[in-house]
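Asks: Dropping in target-v4.txt, with compact mmCIF, C-alpha atoms.
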# COMPACT_ATOMS: atom_id res chain seq x y z
CA MET A 131 1.14 23.28 -15.74
CA ASN A 132 -0.37 22.02 -12.48
CA ARG A 133 -3.69 20.21 -12.79
CA ILE A 134 -6.48 20.90 -10.31
CA LEU A 135 -9.44 18.57 -9.90
CA LEU A 136 -12.72 20.22 -8.84
CA LEU A 137 -15.22 17.89 -7.19
CA LEU A 138 -17.74 20.32 -5.73
CA ASP A 139 -21.31 19.12 -5.34
CA ASN A 140 -22.70 22.56 -6.18
CA PRO A 141 -22.40 23.01 -9.98
CA VAL A 142 -22.59 26.81 -9.79
CA ASN A 143 -19.73 26.99 -7.30
CA ARG A 144 -17.80 24.45 -9.37
CA LYS A 145 -18.14 26.66 -12.46
CA LEU A 146 -17.16 29.86 -10.61
CA LEU A 147 -14.14 28.20 -9.06
CA ALA A 148 -13.02 26.83 -12.41
CA GLU A 149 -13.20 30.30 -13.91
CA ALA A 150 -11.18 31.73 -11.03
CA LEU A 151 -8.37 29.16 -11.35
CA ARG A 152 -8.20 28.52 -15.08
CA ALA A 153 -5.98 31.51 -15.81
CA HIS A 154 -3.10 29.92 -13.87
CA TYR A 155 -3.80 26.18 -13.82
CA GLU A 156 -5.22 23.35 -15.86
CA VAL A 157 -8.64 22.71 -14.33
CA VAL A 158 -10.61 19.47 -14.53
CA SER A 159 -14.19 19.79 -13.30
CA ALA A 160 -16.39 16.79 -12.49
CA THR A 161 -19.41 15.79 -10.46
CA PRO A 162 -18.32 14.12 -7.20
CA ASN A 163 -17.72 10.44 -7.93
CA PRO A 164 -14.91 8.01 -7.02
CA ALA A 165 -13.96 7.42 -10.67
CA ALA A 166 -12.94 11.07 -11.07
CA LEU A 167 -10.16 10.48 -8.53
CA ASP A 168 -8.46 7.88 -10.73
CA GLY A 169 -6.92 10.45 -13.06
CA GLU A 170 -3.71 12.40 -12.57
CA PHE A 171 -3.92 15.73 -10.75
CA ASP A 172 -1.86 17.85 -8.35
CA LEU A 173 -4.61 19.22 -6.11
CA GLY A 174 -8.17 18.17 -5.37
CA ILE A 175 -10.79 20.68 -4.23
CA LEU A 176 -14.06 19.55 -2.63
CA ASP A 177 -17.00 21.04 -0.78
CA GLY A 178 -18.65 19.58 2.33
CA LEU A 179 -21.20 17.44 0.51
CA ALA A 180 -18.56 16.01 -1.82
CA LEU A 181 -16.30 15.20 1.12
CA THR A 182 -19.12 13.40 2.92
CA THR A 183 -19.69 11.27 -0.19
CA LEU A 184 -16.06 10.69 -1.18
CA TRP A 185 -14.02 10.70 2.02
CA GLU A 186 -13.14 7.00 1.78
CA ALA A 187 -12.22 7.32 -1.92
CA VAL A 188 -10.10 10.41 -1.14
CA GLN A 189 -8.24 8.54 1.61
CA ALA A 190 -7.60 5.65 -0.76
CA ARG A 191 -6.35 8.03 -3.49
CA LYS A 192 -3.95 9.74 -1.10
CA LYS A 193 -2.70 6.33 -0.02
CA ARG A 194 -2.04 5.29 -3.62
CA ALA A 195 -0.01 8.45 -4.18
CA GLU A 196 2.32 7.79 -1.23
CA PRO A 197 5.09 8.57 -0.60
CA LEU A 198 4.23 11.66 -2.65
CA PHE A 199 2.06 14.34 -1.09
CA LEU A 200 -1.29 14.69 -2.89
CA PRO A 201 -3.14 17.64 -1.31
CA PHE A 202 -6.89 18.19 -0.94
CA LEU A 203 -8.54 21.51 -0.16
CA LEU A 204 -12.00 21.78 1.39
CA ILE A 205 -14.24 24.77 0.66
CA THR A 206 -17.09 24.82 3.13
CA SER A 207 -19.75 27.11 4.55
CA ARG A 208 -20.20 27.60 8.29
CA GLN A 209 -23.29 25.39 8.35
CA ASP A 210 -21.49 22.56 6.55
CA GLU A 211 -18.47 22.51 8.88
CA GLY A 212 -20.03 20.11 11.36
CA MET A 213 -21.07 17.69 8.63
CA ALA A 214 -17.54 17.53 7.23
CA THR A 215 -15.64 17.55 10.53
CA ARG A 216 -15.75 13.80 11.16
CA HIS A 217 -13.90 13.17 7.88
CA LEU A 218 -11.80 16.32 7.89
CA TRP A 219 -8.41 15.60 9.40
CA GLN A 220 -7.95 12.22 7.77
CA THR A 221 -8.48 13.54 4.26
CA ILE A 222 -8.11 17.32 4.02
CA ASP A 223 -4.92 19.41 4.10
CA GLU A 224 -6.42 22.92 3.97
CA VAL A 225 -9.85 24.44 4.67
CA ILE A 226 -11.36 27.66 3.32
CA THR A 227 -14.64 28.92 4.71
CA ALA A 228 -17.04 30.54 2.25
CA PRO A 229 -17.49 33.25 1.10
CA ILE A 230 -14.11 32.93 -0.59
CA GLU A 231 -11.71 35.80 -1.09
CA GLN A 232 -9.84 35.51 -4.40
CA LEU A 233 -6.48 36.39 -2.86
CA GLU A 234 -6.89 33.82 -0.08
CA LEU A 235 -7.92 31.14 -2.56
CA GLN A 236 -4.93 31.79 -4.82
CA ALA A 237 -2.55 31.86 -1.83
CA ARG A 238 -3.84 28.57 -0.37
CA VAL A 239 -3.75 26.83 -3.74
CA ALA A 240 -0.22 28.09 -4.48
CA SER A 241 1.00 26.98 -1.05
CA LEU A 242 -0.37 23.44 -1.43
CA LEU A 243 1.05 23.09 -4.93
CA GLN A 244 4.44 24.35 -3.78
CA THR A 245 4.49 21.71 -1.03
CA ARG A 246 3.63 19.05 -3.60
CA ARG A 247 6.41 20.25 -5.93
CA MET A 248 8.90 20.02 -3.06
CA ALA A 249 7.73 16.49 -2.20
CA LYS A 250 8.09 15.41 -5.83
CA GLU A 251 11.60 16.88 -6.02
CA ILE A 252 12.64 15.07 -2.81
CA ALA A 253 11.28 11.81 -4.23
CA ARG A 254 13.06 12.42 -7.54
CA VAL A 255 16.39 12.96 -5.79
CA ALA A 256 15.89 9.82 -3.70
CA LEU A 257 15.17 7.77 -6.82
CA GLN A 258 18.10 9.33 -8.64
CA GLU A 259 20.49 8.30 -5.87
CA SER A 260 19.07 4.78 -5.48
CA SER A 261 21.53 1.91 -5.92
CA HIS A 262 18.86 0.09 -7.98
CA ALA A 263 18.13 0.93 -11.61
CA VAL A 264 14.85 2.90 -11.56
CA VAL A 265 12.92 3.70 -14.72
CA ILE A 266 9.57 5.51 -14.91
CA LEU A 267 7.45 5.02 -18.02
CA THR A 268 4.34 6.60 -19.48
CA ARG A 269 1.31 4.40 -20.15
CA ASN A 270 2.67 3.95 -23.68
CA GLY A 271 6.03 2.64 -22.48
CA ILE A 272 8.00 5.85 -23.07
CA VAL A 273 10.83 6.65 -20.64
CA GLN A 274 10.15 9.63 -18.36
CA PHE A 275 12.84 8.98 -15.75
CA TRP A 276 16.15 7.10 -15.94
CA ASN A 277 18.35 7.21 -12.85
CA ARG A 278 22.13 6.99 -12.53
CA ALA A 279 22.03 3.32 -11.61
CA ALA A 280 20.14 2.63 -14.86
CA GLU A 281 22.83 4.56 -16.73
CA ARG A 282 25.55 2.41 -15.15
CA LEU A 283 23.64 -0.84 -15.72
CA PHE A 284 22.55 -0.37 -19.32
CA GLY A 285 25.11 2.11 -20.67
CA TRP A 286 22.62 4.61 -22.08
CA SER A 287 22.58 8.07 -20.49
CA GLU A 288 19.43 9.72 -19.21
CA ALA A 289 19.57 12.19 -22.10
CA GLU A 290 19.67 9.31 -24.58
CA MET A 291 16.72 7.48 -23.03
CA LEU A 292 14.24 10.22 -22.13
CA GLY A 293 11.35 10.13 -24.59
CA GLN A 294 12.48 6.78 -25.98
CA SER A 295 10.82 3.37 -25.81
CA LEU A 296 12.18 0.93 -23.26
CA SER A 297 12.08 -1.77 -25.93
CA VAL A 298 15.81 -1.30 -26.53
CA VAL A 299 16.56 -3.19 -23.29
CA GLN A 300 13.80 -5.78 -23.60
CA SER A 301 14.41 -9.49 -23.31
CA ASP A 302 14.00 -12.32 -25.79
CA ASP A 303 10.40 -12.59 -24.63
CA PRO A 304 8.53 -9.51 -25.99
CA ALA A 305 5.14 -10.92 -24.97
CA GLY A 306 6.31 -11.49 -21.41
CA TRP A 307 7.81 -8.00 -21.29
CA GLU A 308 4.53 -6.51 -22.50
CA VAL A 309 2.61 -8.31 -19.76
CA LEU A 310 5.14 -7.26 -17.12
CA VAL A 311 4.82 -3.59 -18.05
CA SER A 312 1.09 -3.45 -18.83
CA GLU A 313 -0.36 -5.50 -15.96
CA PRO A 314 0.36 -2.95 -13.20
CA VAL A 315 -1.35 -0.24 -15.26
CA ALA A 316 -4.38 -2.43 -15.99
CA ASN A 317 -5.11 -3.74 -12.51
CA GLY A 318 -2.92 -1.80 -10.10
CA ALA A 319 -0.90 -4.91 -9.20
CA PHE A 320 2.81 -5.23 -8.44
CA THR A 321 4.50 -7.64 -10.86
CA GLN A 322 7.95 -9.20 -10.76
CA ARG A 323 9.87 -11.75 -12.83
CA GLU A 324 13.33 -12.69 -14.08
CA MET A 325 14.12 -11.57 -17.63
CA TRP A 326 17.01 -11.38 -20.06
CA LEU A 327 18.00 -7.75 -20.75
CA THR A 328 20.49 -6.09 -23.11
CA THR A 329 22.98 -3.26 -22.56
CA LYS A 330 24.09 -0.59 -25.03
CA THR A 331 27.13 -2.75 -25.90
CA ASN A 332 24.81 -5.74 -26.60
CA HIS A 333 25.81 -7.57 -23.43
CA ARG A 334 22.95 -9.79 -22.31
CA PHE A 335 22.26 -10.53 -18.67
CA ILE A 336 19.45 -11.88 -16.55
CA ALA A 337 17.83 -9.62 -13.96
CA GLU A 338 14.88 -9.53 -11.62
CA VAL A 339 12.53 -6.85 -12.94
CA SER A 340 9.77 -5.34 -10.79
CA CYS A 341 6.97 -3.08 -12.04
CA THR A 342 4.39 -1.17 -10.08
CA PRO A 343 1.87 1.53 -11.09
CA LEU A 344 2.78 5.09 -10.16
CA ARG A 345 -0.15 7.40 -9.49
CA VAL A 346 0.72 10.93 -8.39
Before we go any further, please render this structure as structure tokens.
Replies:
Amino acid sequence: MNRILLLLDNPVNRKLLAEALRAHYEVVSATPNPAALDGEFDLGILDGLALTTLWEAVQARKKRAEPLFLPFLLITSRQDEGMATRHLWQTIDEVITAPIEQLELQARVASLLQTRRMAKEIARVALQESSHAVVILTRNGIVQFWNRAAERLFGWSEAEMLGQSLSVVQSDDPAGWEVLVSEPVANGAFTQREMWLTTKTNHRFIAEVSCTPLRV
């Protein structure tokens, strides 16, 4: 289910909007603050006051999600339009002017989420066809994505590896492997080092392994 992040300054509007969307989406509601943008979500919705406060944080969050499309929708009143305009086109993908019609809201939200789904599918296909072995892990080190190059390199199929720990291919240095995988999550840094890895047939080889955090 798609997750929508509500960062409206007005708590009453935030509650009403959550009620309107909760039947179809997972809704996370929070007071406008940069930390709320660190979580995973598929669409962010703000009002004018929240955009004025968070526009730099929103830009940074969109940048971190690249090349994936992470949409933001602005709900604003006529009197707030001028206040939000100077930040609008760098951060916002759709605008709805209050009062909000339910049908328009649902249509705009569905359109933005469909565009995001298409962007994610394009990215998935590109990763699948990459000549490099690409593996995507959860924070706990569980395999979520295993491309064809990884299948050829290690010998395990995608079906065999999805939901499994990557420890089966780890080197003779478990501590170093743990640092390599956990550091990008902890501090957002790109890490790279040479490590000994193992294939399904127990063939050992040395490879350059790169890890980077993926925030979508």
Asks: From the list A:Gln294, A:Ala263, A:Gln189, A:Ile272, which residue is nearest Ser340 of chain A when using only C-alpha atoms?
Replies: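 Counting only C-alpha atoms, the residue closest to Ser340 of chain A is A:Ala263.
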Asks: Please indicate the distance in Å from atom CA of Ile226 of chain A to atom CA of Arg247 of chain A, rounded to one decimal place.
Replies: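 Value for the atom CA of Ile226 of chain A-atom CA of Arg247 of chain A distance: 21.4 Å.
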Asks: In Å, rounded to a single decimal, give me how far atom CA of Leu204 of chain A is from atom CA of Asp177 of chain A.
Replies: 5.5 Å
Asks: I want to know what sits within 10 Å of Glu251 of chain A, based on all atoms listed in the file, with residues of the same chain fewer than 6 positions away left out; could you give that as a ChimeraX atom specification?
Replies: /A:198,245,257
Asks: Could you check which of A:Ala249, A:Val299, A:Leu235, A:Cys341 is closest to Val264 of chain A, using only C-alpha atoms?
Replies: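 Going through A:Ala249, A:Val299, A:Leu235, A:Cys341 one by one, the smallest distance to Val264 of chain A is for A:Cys341.
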Asks: So that I can check the surroundings of Glu224 of chain A, please list as a ChimeraX atom specification every protein, DNA and RNA residue that reaches within 10 Å of it, counting only C-alpha atoms and ignoring chain neighbours fewer than 3 positions away.
Replies: /A:175,201-205,218-219,221,238-239,241-242
Asks: Closest to Leu151 of chain A among A:Ser207, A:Thr182, A:Gln232, A:Ser295, using all atoms listed in the file?
Replies: A:Gln232
Asks: Show me, as number ranges by chain, the residues that have an atom within 9 Å of Asn163 of chain A when counting all atoms listed in the file, minus same-chain residues fewer than 3 positions from it.
Replies: A: 137, 160, 166-167, 180, 183-184, 187
Asks: Tell me, in Å to one decimal, how far atom CA of Val309 of chain A is from atom CA of Gly271 of chain A.
Replies: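 Atom CA of Val309 of chain A sits 11.8 Å away from atom CA of Gly271 of chain A.
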Asks: Between A:Asp223, A:Asp139, A:Glu156, A:Glu324, which is the closest to Val188 of chain A once you count all atoms listed in the file?
Replies: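 Smallest separation from Val188 of chain A among the options: A:Asp223.
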Asks: Of the candidates A:Ile266, A:Leu292, A:Ala305, A:Ile222, which one gets nearest to Trp185 of chain A if we count all atoms listed in the file?
Replies: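 The closest residue to Trp185 of chain A is A:Ile222.
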Asks: From the options A:Val142, A:Ala253, A:Leu243, A:Leu283, which residue's atoms come nearest to Leu200 of chain A, counting all atoms listed in the file?
Replies: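 Closest residue, counting all atoms listed in the file: A:Leu243.
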Asks: Quick one: everything within 8 Å of Lys250 of chain A, counting all atoms listed in the file, minus sequence neighbours fewer than 4 positions away in the same chain. Send it as a VMD selection string.
Replies: chain A and resid 198 to 199 246 254
Asks: Give me the segment 262-304 of chain A side of the contact with segment 329-339 of chain A, cut-off 7 Å, one line per residue showing its nearest atom pair and distance in Å at one decimal, counting all atoms listed in the file, sorted by chain and residue number, as a Markdown table.
Replies:
| residue | atom | partner | partner_atom | distance |
| --- | --- | --- | --- | --- |
| A:Phe284 | CA | A:Thr329 | CA | 4.4 |
| A:Gly285 | CA | A:Lys330 | CA | 5.2 |
| A:Trp286 | CA | A:Lys330 | CA | 6.2 |
| A:Val299 | CA | A:Thr329 | CA | 6.5 |
Asks: Env of Val311 of chain A: 10 Å cut, atoms = only C-alpha atoms, seq-sep filter 5 positions within chain, self excluded. Answer as a list in words.
Replies: Leu267, Arg269, Asn270, Gly271, Gly306, Ala316, Phe320, Thr321, Gln322, Val339, Ser340, Cys341, Thr342 and Pro343 of chain A
